>>> print(open('start_39.tsv').read())   # TSV, N, CA and C atoms
chain	number	residue	atom	x	y	z
N	124	MET	N	-5.42	-14.06	-45.37
N	124	MET	CA	-5.65	-12.91	-44.51
N	124	MET	C	-7.12	-12.79	-44.12
N	125	GLY	N	-8.01	-12.97	-45.11
N	125	GLY	CA	-9.43	-12.86	-44.85
N	125	GLY	C	-9.93	-13.96	-43.91
N	126	TYR	N	-9.31	-15.14	-44.02
N	126	TYR	CA	-9.67	-16.26	-43.15
N	126	TYR	C	-9.41	-15.91	-41.69
N	127	TYR	N	-8.28	-15.30	-41.42
N	127	TYR	CA	-7.93	-14.95	-40.05
N	127	TYR	C	-8.81	-13.81	-39.52
N	128	LEU	N	-9.22	-12.91	-40.38
N	128	LEU	CA	-10.14	-11.86	-39.95
N	128	LEU	C	-11.50	-12.44	-39.58
N	129	LEU	N	-11.96	-13.42	-40.38
N	129	LEU	CA	-13.23	-14.07	-40.04
N	129	LEU	C	-13.12	-14.86	-38.74
N	130	LEU	N	-11.98	-15.51	-38.52
N	130	LEU	CA	-11.78	-16.22	-37.26
N	130	LEU	C	-11.79	-15.26	-36.08
N	131	ALA	N	-11.12	-14.12	-36.23
N	131	ALA	CA	-11.09	-13.13	-35.15
N	131	ALA	C	-12.49	-12.59	-34.89
N	132	ALA	N	-13.24	-12.32	-35.96
N	132	ALA	CA	-14.61	-11.82	-35.79
N	132	ALA	C	-15.50	-12.89	-35.16
N	133	GLY	N	-15.28	-14.16	-35.51
N	133	GLY	CA	-16.08	-15.23	-34.95
N	133	GLY	C	-15.75	-15.53	-33.50
N	134	LEU	N	-14.56	-15.20	-33.06
N	134	LEU	CA	-14.19	-15.43	-31.66
N	134	LEU	C	-14.50	-14.22	-30.77
N	135	ILE	N	-14.43	-13.02	-31.32
N	135	ILE	CA	-14.69	-11.80	-30.54
N	135	ILE	C	-16.16	-11.39	-30.63
N	136	GLY	N	-16.77	-11.61	-31.78
N	136	GLY	CA	-18.16	-11.20	-32.01
N	136	GLY	C	-19.16	-11.73	-31.01
N	137	PRO	N	-19.10	-13.01	-30.64
N	137	PRO	CA	-20.07	-13.51	-29.66
N	137	PRO	C	-19.99	-12.81	-28.31
N	138	PHE	N	-18.81	-12.42	-27.88
N	138	PHE	CA	-18.70	-11.70	-26.61
N	138	PHE	C	-19.34	-10.32	-26.71
N	139	VAL	N	-19.18	-9.67	-27.85
N	139	VAL	CA	-19.83	-8.38	-28.08
N	139	VAL	C	-21.34	-8.57	-28.15
N	140	LEU	N	-21.78	-9.65	-28.79
N	140	LEU	CA	-23.20	-9.94	-28.90
N	140	LEU	C	-23.82	-10.19	-27.52
N	141	ILE	N	-23.11	-10.89	-26.66
N	141	ILE	CA	-23.62	-11.13	-25.31
N	141	ILE	C	-23.62	-9.84	-24.49
N	142	TYR	N	-22.58	-9.02	-24.66
N	142	TYR	CA	-22.49	-7.77	-23.91
N	142	TYR	C	-23.64	-6.82	-24.26
N	143	TYR	N	-24.00	-6.75	-25.55
N	143	TYR	CA	-25.06	-5.86	-26.01
N	143	TYR	C	-26.36	-6.61	-26.29
N	144	ARG	N	-26.62	-7.71	-25.59
N	144	ARG	CA	-27.80	-8.53	-25.89
N	144	ARG	C	-29.10	-7.80	-25.61
N	145	GLU	N	-29.12	-6.87	-24.69
N	145	GLU	CA	-30.36	-6.15	-24.42
N	145	GLU	C	-30.72	-5.25	-25.60
N	146	MET	N	-29.74	-4.55	-26.15
N	146	MET	CA	-30.02	-3.69	-27.29
N	146	MET	C	-30.39	-4.50	-28.53
N	147	VAL	N	-29.69	-5.62	-28.74
N	147	VAL	CA	-30.01	-6.48	-29.88
N	147	VAL	C	-31.38	-7.11	-29.70
N	148	GLY	N	-31.70	-7.54	-28.50
N	148	GLY	CA	-33.00	-8.13	-28.22
N	148	GLY	C	-34.14	-7.14	-28.42
N	149	ASN	N	-33.93	-5.91	-28.02
N	149	ASN	CA	-34.96	-4.88	-28.23
N	149	ASN	C	-35.12	-4.56	-29.71
N	150	MET	N	-34.04	-4.71	-30.48
N	150	MET	CA	-34.11	-4.43	-31.90
N	150	MET	C	-34.94	-5.49	-32.63
N	151	PHE	N	-34.82	-6.76	-32.22
N	151	PHE	CA	-35.54	-7.84	-32.89
N	151	PHE	C	-36.92	-8.11	-32.30
N	152	GLY	N	-37.11	-7.84	-31.05
N	152	GLY	CA	-38.38	-8.13	-30.41
N	152	GLY	C	-38.44	-9.58	-29.95
N	153	GLU	N	-39.55	-9.93	-29.28
N	153	GLU	CA	-39.66	-11.27	-28.73
N	153	GLU	C	-40.84	-12.00	-29.36
N	154	ALA	N	-40.58	-13.17	-29.91
N	154	ALA	CA	-41.64	-14.00	-30.48
N	154	ALA	C	-42.15	-14.96	-29.41
N	155	ASP	N	-43.27	-15.59	-29.70
N	155	ASP	CA	-43.87	-16.50	-28.72
N	155	ASP	C	-42.97	-17.71	-28.44
N	156	TRP	N	-42.31	-18.23	-29.47
N	156	TRP	CA	-41.48	-19.41	-29.26
N	156	TRP	C	-40.24	-19.09	-28.42
N	157	MET	N	-39.83	-17.83	-28.40
N	157	MET	CA	-38.66	-17.46	-27.61
N	157	MET	C	-38.94	-17.52	-26.11
N	158	ARG	N	-40.18	-17.31	-25.72
N	158	ARG	CA	-40.53	-17.37	-24.31
N	158	ARG	C	-40.34	-18.77	-23.74
N	159	LYS	N	-40.49	-19.78	-24.58
N	159	LYS	CA	-40.36	-21.17	-24.13
N	159	LYS	C	-38.92	-21.57	-23.86
N	160	VAL	N	-37.97	-20.86	-24.45
N	160	VAL	CA	-36.55	-21.19	-24.24
N	160	VAL	C	-35.83	-20.13	-23.42
N	161	GLY	N	-36.58	-19.21	-22.81
N	161	GLY	CA	-35.95	-18.26	-21.91
N	161	GLY	C	-36.05	-16.81	-22.33
N	162	GLY	N	-36.64	-16.52	-23.44
N	162	GLY	CA	-36.78	-15.15	-23.89
N	162	GLY	C	-35.75	-14.78	-24.94
N	163	VAL	N	-35.91	-13.59	-25.46
N	163	VAL	CA	-35.06	-13.15	-26.56
N	163	VAL	C	-33.59	-13.02	-26.13
N	164	HIS	N	-33.36	-12.62	-24.88
N	164	HIS	CA	-31.98	-12.44	-24.44
N	164	HIS	C	-31.23	-13.76	-24.35
N	165	TYR	N	-31.92	-14.82	-23.93
N	165	TYR	CA	-31.28	-16.14	-23.89
N	165	TYR	C	-31.09	-16.71	-25.28
N	166	VAL	N	-31.99	-16.41	-26.20
N	166	VAL	CA	-31.81	-16.87	-27.58
N	166	VAL	C	-30.55	-16.24	-28.17
N	167	ILE	N	-30.30	-14.99	-27.86
N	167	ILE	CA	-29.09	-14.32	-28.33
N	167	ILE	C	-27.85	-14.96	-27.72
N	168	VAL	N	-27.91	-15.34	-26.46
N	168	VAL	CA	-26.79	-16.02	-25.81
N	168	VAL	C	-26.55	-17.38	-26.47
N	169	TYR	N	-27.64	-18.11	-26.77
N	169	TYR	CA	-27.50	-19.41	-27.44
N	169	TYR	C	-26.86	-19.25	-28.81
N	170	ILE	N	-27.29	-18.25	-29.57
N	170	ILE	CA	-26.72	-18.00	-30.90
N	170	ILE	C	-25.24	-17.63	-30.79
N	171	ALA	N	-24.90	-16.82	-29.81
N	171	ALA	CA	-23.50	-16.44	-29.60
N	171	ALA	C	-22.64	-17.66	-29.26
N	172	MET	N	-23.18	-18.57	-28.45
N	172	MET	CA	-22.44	-19.78	-28.11
N	172	MET	C	-22.23	-20.66	-29.33
N	173	ILE	N	-23.25	-20.78	-30.17
N	173	ILE	CA	-23.12	-21.58	-31.39
N	173	ILE	C	-22.07	-20.98	-32.30
N	174	ILE	N	-22.09	-19.67	-32.49
N	174	ILE	CA	-21.10	-19.00	-33.33
N	174	ILE	C	-19.69	-19.22	-32.78
N	175	PHE	N	-19.52	-19.10	-31.48
N	175	PHE	CA	-18.20	-19.25	-30.87
N	175	PHE	C	-17.66	-20.66	-31.07
N	176	PHE	N	-18.47	-21.67	-30.75
N	176	PHE	CA	-17.98	-23.05	-30.87
N	176	PHE	C	-17.80	-23.47	-32.32
N	177	TRP	N	-18.63	-22.96	-33.22
N	177	TRP	CA	-18.45	-23.27	-34.64
N	177	TRP	C	-17.15	-22.65	-35.15
N	178	THR	N	-16.86	-21.43	-34.75
N	178	THR	CA	-15.61	-20.79	-35.15
N	178	THR	C	-14.41	-21.52	-34.58
N	179	LEU	N	-14.50	-21.94	-33.34
N	179	LEU	CA	-13.42	-22.70	-32.72
N	179	LEU	C	-13.20	-24.03	-33.45
N	180	ALA	N	-14.27	-24.68	-33.85
N	180	ALA	CA	-14.15	-25.93	-34.60
N	180	ALA	C	-13.56	-25.69	-35.98
N	181	GLU	N	-13.93	-24.60	-36.63
N	181	GLU	CA	-13.34	-24.27	-37.94
N	181	GLU	C	-11.86	-23.98	-37.82
N	182	ALA	N	-11.48	-23.29	-36.76
N	182	ALA	CA	-10.07	-22.93	-36.58
N	182	ALA	C	-9.20	-24.15	-36.31
N	183	THR	N	-9.75	-25.14	-35.63
N	183	THR	CA	-8.97	-26.34	-35.30
N	183	THR	C	-9.19	-27.47	-36.29
N	184	GLY	N	-10.13	-27.30	-37.22
N	184	GLY	CA	-10.39	-28.33	-38.22
N	184	GLY	C	-11.20	-29.50	-37.70
N	185	THR	N	-12.03	-29.28	-36.71
N	185	THR	CA	-12.80	-30.36	-36.11
N	185	THR	C	-14.30	-30.19	-36.33
N	186	THR	N	-14.70	-29.60	-37.44
N	186	THR	CA	-16.13	-29.44	-37.69
N	186	THR	C	-16.82	-30.77	-37.92
N	187	SER	N	-16.10	-31.77	-38.41
N	187	SER	CA	-16.73	-33.08	-38.60
N	187	SER	C	-17.12	-33.68	-37.25
N	188	ILE	N	-16.35	-33.42	-36.21
N	188	ILE	CA	-16.70	-33.90	-34.88
N	188	ILE	C	-17.85	-33.09	-34.31
N	189	LEU	N	-17.85	-31.78	-34.56
N	189	LEU	CA	-18.91	-30.91	-34.05
N	189	LEU	C	-20.26	-31.27	-34.64
N	190	PHE	N	-20.29	-31.58	-35.93
N	190	PHE	CA	-21.54	-31.87	-36.61
N	190	PHE	C	-21.86	-33.36	-36.68
N	191	ALA	N	-21.13	-34.20	-35.97
N	191	ALA	CA	-21.38	-35.65	-35.98
N	191	ALA	C	-22.78	-36.01	-35.50
N	192	PRO	N	-23.32	-35.38	-34.46
N	192	PRO	CA	-24.69	-35.73	-34.06
N	192	PRO	C	-25.73	-35.40	-35.12
N	193	MET	N	-25.50	-34.36	-35.92
N	193	MET	CA	-26.45	-34.00	-36.96
N	193	MET	C	-26.43	-34.99	-38.11
N	194	ARG	N	-25.29	-35.64	-38.34
N	194	ARG	CA	-25.20	-36.62	-39.41
N	194	ARG	C	-26.12	-37.81	-39.17
N	195	SER	N	-26.33	-38.15	-37.93
N	195	SER	CA	-27.20	-39.28	-37.64
N	195	SER	C	-28.68	-38.90	-37.75
N	196	LEU	N	-28.99	-37.61	-37.71
N	196	LEU	CA	-30.38	-37.17	-37.78
N	196	LEU	C	-30.90	-37.01	-39.20
N	197	SER	N	-30.02	-36.64	-40.11
N	197	SER	CA	-30.46	-36.33	-41.47
N	197	SER	C	-29.68	-37.12	-42.49
N	198	PRO	N	-30.35	-37.69	-43.50
N	198	PRO	CA	-29.62	-38.40	-44.54
N	198	PRO	C	-28.77	-37.47	-45.40
N	199	ALA	N	-29.08	-36.18	-45.41
N	199	ALA	CA	-28.30	-35.24	-46.20
N	199	ALA	C	-26.89	-35.07	-45.65
N	200	PHE	N	-26.71	-35.34	-44.36
N	200	PHE	CA	-25.40	-35.19	-43.74
N	200	PHE	C	-24.62	-36.50	-43.67
N	201	GLN	N	-25.15	-37.58	-44.24
N	201	GLN	CA	-24.48	-38.86	-44.17
N	201	GLN	C	-23.15	-38.80	-44.92
N	202	HIS	N	-22.13	-39.37	-44.32
N	202	HIS	CA	-20.82	-39.41	-44.93
N	202	HIS	C	-20.79	-40.48	-45.99
N	203	GLN	N	-20.36	-40.12	-47.18
N	203	GLN	CA	-20.27	-41.07	-48.28
N	203	GLN	C	-18.87	-41.67	-48.31
N	204	ALA	N	-18.81	-42.98	-48.39
N	204	ALA	CA	-17.52	-43.67	-48.44
N	204	ALA	C	-16.87	-43.40	-49.80
N	205	PRO	N	-15.58	-43.14	-49.82
N	205	PRO	CA	-14.91	-42.91	-51.10
N	205	PRO	C	-14.91	-44.18	-51.94
N	206	THR	N	-15.04	-44.00	-53.21
N	206	THR	CA	-15.03	-45.16	-54.12
N	206	THR	C	-13.67	-45.26	-54.78
N	207	MET	N	-13.35	-46.47	-55.17
N	207	MET	CA	-12.06	-46.71	-55.81
N	207	MET	C	-12.05	-46.22	-57.26
N	208	PHE	N	-13.21	-46.32	-57.95
N	208	PHE	CA	-13.23	-45.98	-59.37
N	208	PHE	C	-14.25	-44.93	-59.65
>>> encode(input="start_39.tsv", output="C-alpha cells")
Amino acid sequence: MGYYLLLAAGLIGPFVLIYYREMVGNMFGEADWMRKVGGVHYVIVYIAMIIFFWTLAEATGTTSILFAPMRSLSPAFQHQAPTMF
C-alpha cells in the first residue's frame, strides 16, 4: 500500500511542484550557479522532471536502464558479474 502511495506522490508531486514553482523558488532563493542554468524556476522544473522520470522508471522496473549512463561515469555504479561460488 505504501509503495503505491509513493508512486502516486512521485507522479503527481512534480506537476504540483511545477505549478507552484514561483512560490517554491521564492522560498529557496537564487544562488549564483542557478543563473547559469536558467534561474531558480528552471532548476525546480529540472528537479520535477527528474523526480517524474525516476518514479516512472521505478514503477516499470527500468531503473537499471535509466541509470545506465551513470554506471559508465563512476566505478561505484559498475555492475558486478555474479559469481558461481
>>> atom_distance(input="start_39.tsv", atom1="atom C of Met150 (chain N)", atom2="CA of Phe138 (chain N)")
18.4 Å
>>> closest_residue(input="start_39.tsv", among="N:Ala171, N:Ala182, N:Met124, N:Arg158", to="Tyr143 (chain N)", atoms="only C-alpha atoms")
N:Ala171
>>> select_by_dssp(input="start_39.tsv", residues="chain N", states="alpha helix (DSSP H)", output="JSON, numbers by chain")
{"N": [125, 126, 127, 128, 129, 130, 131, 132, 133, 134, 135, 136, 137, 138, 139, 140, 141, 142, 144, 145, 146, 147, 148, 149, 150, 151, 155, 156, 157, 158, 159, 163, 164, 165, 166, 167, 168, 169, 170, 171, 172, 173, 174, 175, 176, 177, 178, 179, 180, 181, 182, 183, 186, 187, 188, 189, 191, 192, 193, 194, 195, 196]}
>>> axis_aligned_box(input="start_39.tsv", around="region 127-137 of chain N", padding_each_side="8 Å", output="JSON")
{"center_x": -14.0, "center_y": -13.7, "center_z": -34.9, "size_x": 28.1, "size_y": 21.0, "size_z": 29.1}
>>> residues_around(input="start_39.tsv", residues="Trp177 (chain N)", least_positions_apart="5", cutoff="8 Å", atoms="all atoms listed in the file", output="PyMOL selection string")
chain N and resi 133+171-172+182-183+186+189
>>> residues_near_point(input="start_39.tsv", point="(-22.2, -12.6, -32.4)", cutoff="10 Å", atoms="only C-alpha atoms", output="list in words")
Ala132, Gly133, Leu134, Ile135, Gly136, Pro137, Phe138, Val139, Leu140, Ile141, Tyr142, Tyr143, Arg144, Ile167, Val168, Tyr169, Ile170, Ala171, Met172, Ile173, Ile174 and Phe175 of chain N
>>> residues_around(input="start_39.tsv", residues="Glu153 (chain N)", least_positions_apart="5", cutoff="8 Å", atoms="all atoms listed in the file", output="list in words")
Gly148, Arg158, Gly162, Val163 and His164 of chain N
>>> atom_distance(input="start_39.tsv", atom1="CA of Leu130 (chain N)", atom2="atom N of Tyr165 (chain N)")
24.2 Å
>>> decode(input="start_39.tsv", residues="chain N", atoms="C-alpha atoms", output="mmCIF file, in the first residue's frame")
data_model
loop_
_atom_site.group_PDB
_atom_site.id
_atom_site.type_symbol
_atom_site.label_atom_id
_atom_site.label_comp_id
_atom_site.auth_asym_id
_atom_site.auth_seq_id
_atom_site.Cartn_x
_atom_site.Cartn_y
_atom_site.Cartn_z
ATOM 1 C CA MET N 124 0.000 0.000 0.000
ATOM 2 C CA GLY N 125 2.782 2.420 0.923
ATOM 3 C CA TYR N 126 4.579 1.670 -2.347
ATOM 4 C CA TYR N 127 1.563 2.768 -4.372
ATOM 5 C CA LEU N 128 1.172 5.943 -2.323
ATOM 6 C CA LEU N 129 4.800 6.833 -3.002
ATOM 7 C CA LEU N 130 4.277 6.150 -6.712
ATOM 8 C CA ALA N 131 1.201 8.384 -6.744
ATOM 9 C CA ALA N 132 3.087 11.131 -4.907
ATOM 10 C CA GLY N 133 6.028 10.774 -7.294
ATOM 11 C CA LEU N 134 3.803 11.075 -10.352
ATOM 12 C CA ILE N 135 1.538 13.884 -9.094
ATOM 13 C CA GLY N 136 4.083 15.809 -6.998
ATOM 14 C CA PRO N 137 6.194 17.101 -9.897
ATOM 15 C CA PHE N 138 3.151 18.682 -11.534
ATOM 16 C CA VAL N 139 2.315 20.439 -8.267
ATOM 17 C CA LEU N 140 5.960 21.492 -7.950
ATOM 18 C CA ILE N 141 5.916 22.996 -11.447
ATOM 19 C CA TYR N 142 2.570 24.708 -10.830
ATOM 20 C CA TYR N 143 3.838 26.379 -7.625
ATOM 21 C CA ARG N 144 7.443 26.896 -8.802
ATOM 22 C CA GLU N 145 7.331 30.639 -8.197
ATOM 23 C CA MET N 146 6.412 30.227 -4.536
ATOM 24 C CA VAL N 147 8.946 27.422 -4.058
ATOM 25 C CA GLY N 148 11.621 29.446 -5.845
ATOM 26 C CA ASN N 149 10.981 32.470 -3.655
ATOM 27 C CA MET N 150 11.203 30.249 -0.591
ATOM 28 C CA PHE N 151 14.674 28.922 -1.513
ATOM 29 C CA GLY N 152 16.137 31.973 -3.209
ATOM 30 C CA GLU N 153 18.517 32.062 -6.148
ATOM 31 C CA ALA N 154 22.185 31.070 -5.983
ATOM 32 C CA ASP N 155 24.824 32.174 -8.460
ATOM 33 C CA TRP N 156 25.105 28.747 -10.092
ATOM 34 C CA MET N 157 21.356 28.705 -10.756
ATOM 35 C CA ARG N 158 21.637 31.719 -13.051
ATOM 36 C CA LYS N 159 23.850 29.703 -15.400
ATOM 37 C CA VAL N 160 21.179 27.050 -15.940
ATOM 38 C CA GLY N 161 18.196 29.379 -16.236
ATOM 39 C CA GLY N 162 17.433 30.552 -12.727
ATOM 40 C CA VAL N 163 15.751 29.057 -9.720
ATOM 41 C CA HIS N 164 12.459 28.436 -11.519
ATOM 42 C CA TYR N 165 14.117 26.300 -14.199
ATOM 43 C CA VAL N 166 16.077 24.384 -11.568
ATOM 44 C CA ILE N 167 12.754 23.482 -9.945
ATOM 45 C CA VAL N 168 11.417 22.320 -13.324
ATOM 46 C CA TYR N 169 14.548 20.189 -13.841
ATOM 47 C CA ILE N 170 14.156 18.622 -10.382
ATOM 48 C CA ALA N 171 10.477 17.924 -11.058
ATOM 49 C CA MET N 172 11.362 16.218 -14.347
ATOM 50 C CA ILE N 173 13.982 14.049 -12.635
ATOM 51 C CA ILE N 174 11.500 13.032 -9.927
ATOM 52 C CA PHE N 175 8.838 12.196 -12.524
ATOM 53 C CA PHE N 176 11.075 10.058 -14.735
ATOM 54 C CA TRP N 177 12.691 8.330 -11.760
ATOM 55 C CA THR N 178 9.248 7.433 -10.393
ATOM 56 C CA LEU N 179 8.154 6.196 -13.802
ATOM 57 C CA ALA N 180 11.274 4.030 -14.020
ATOM 58 C CA GLU N 181 10.670 2.634 -10.523
ATOM 59 C CA ALA N 182 7.064 1.817 -11.384
ATOM 60 C CA THR N 183 8.038 -0.064 -14.540
ATOM 61 C CA GLY N 184 11.190 -1.642 -13.108
ATOM 62 C CA THR N 185 13.557 0.010 -15.567
ATOM 63 C CA THR N 186 15.837 1.947 -13.224
ATOM 64 C CA SER N 187 18.829 -0.023 -14.486
ATOM 65 C CA ILE N 188 18.203 1.431 -17.951
ATOM 66 C CA LEU N 189 17.648 4.930 -16.542
ATOM 67 C CA PHE N 190 20.916 4.901 -14.605
ATOM 68 C CA ALA N 191 22.982 3.127 -17.295
ATOM 69 C CA PRO N 192 24.820 6.322 -18.344
ATOM 70 C CA MET N 193 25.872 6.938 -14.731
ATOM 71 C CA ARG N 194 27.375 3.456 -14.472
ATOM 72 C CA SER N 195 29.939 4.324 -17.092
ATOM 73 C CA LEU N 196 30.931 7.522 -15.249
ATOM 74 C CA SER N 197 31.571 6.126 -11.789
ATOM 75 C CA PRO N 198 33.208 2.891 -10.654
ATOM 76 C CA ALA N 199 30.779 2.798 -7.722
ATOM 77 C CA PHE N 200 27.927 2.122 -10.149
ATOM 78 C CA GLN N 201 29.706 -0.654 -12.059
ATOM 79 C CA HIS N 202 27.660 -3.818 -12.357
ATOM 80 C CA GLN N 203 29.332 -6.779 -10.716
ATOM 81 C CA ALA N 204 29.049 -10.090 -12.522
ATOM 82 C CA PRO N 205 27.511 -12.828 -10.380
ATOM 83 C CA THR N 206 29.931 -15.480 -9.227
ATOM 84 C CA MET N 207 29.298 -19.181 -9.242
ATOM 85 C CA PHE N 208 30.746 -19.830 -5.779
#
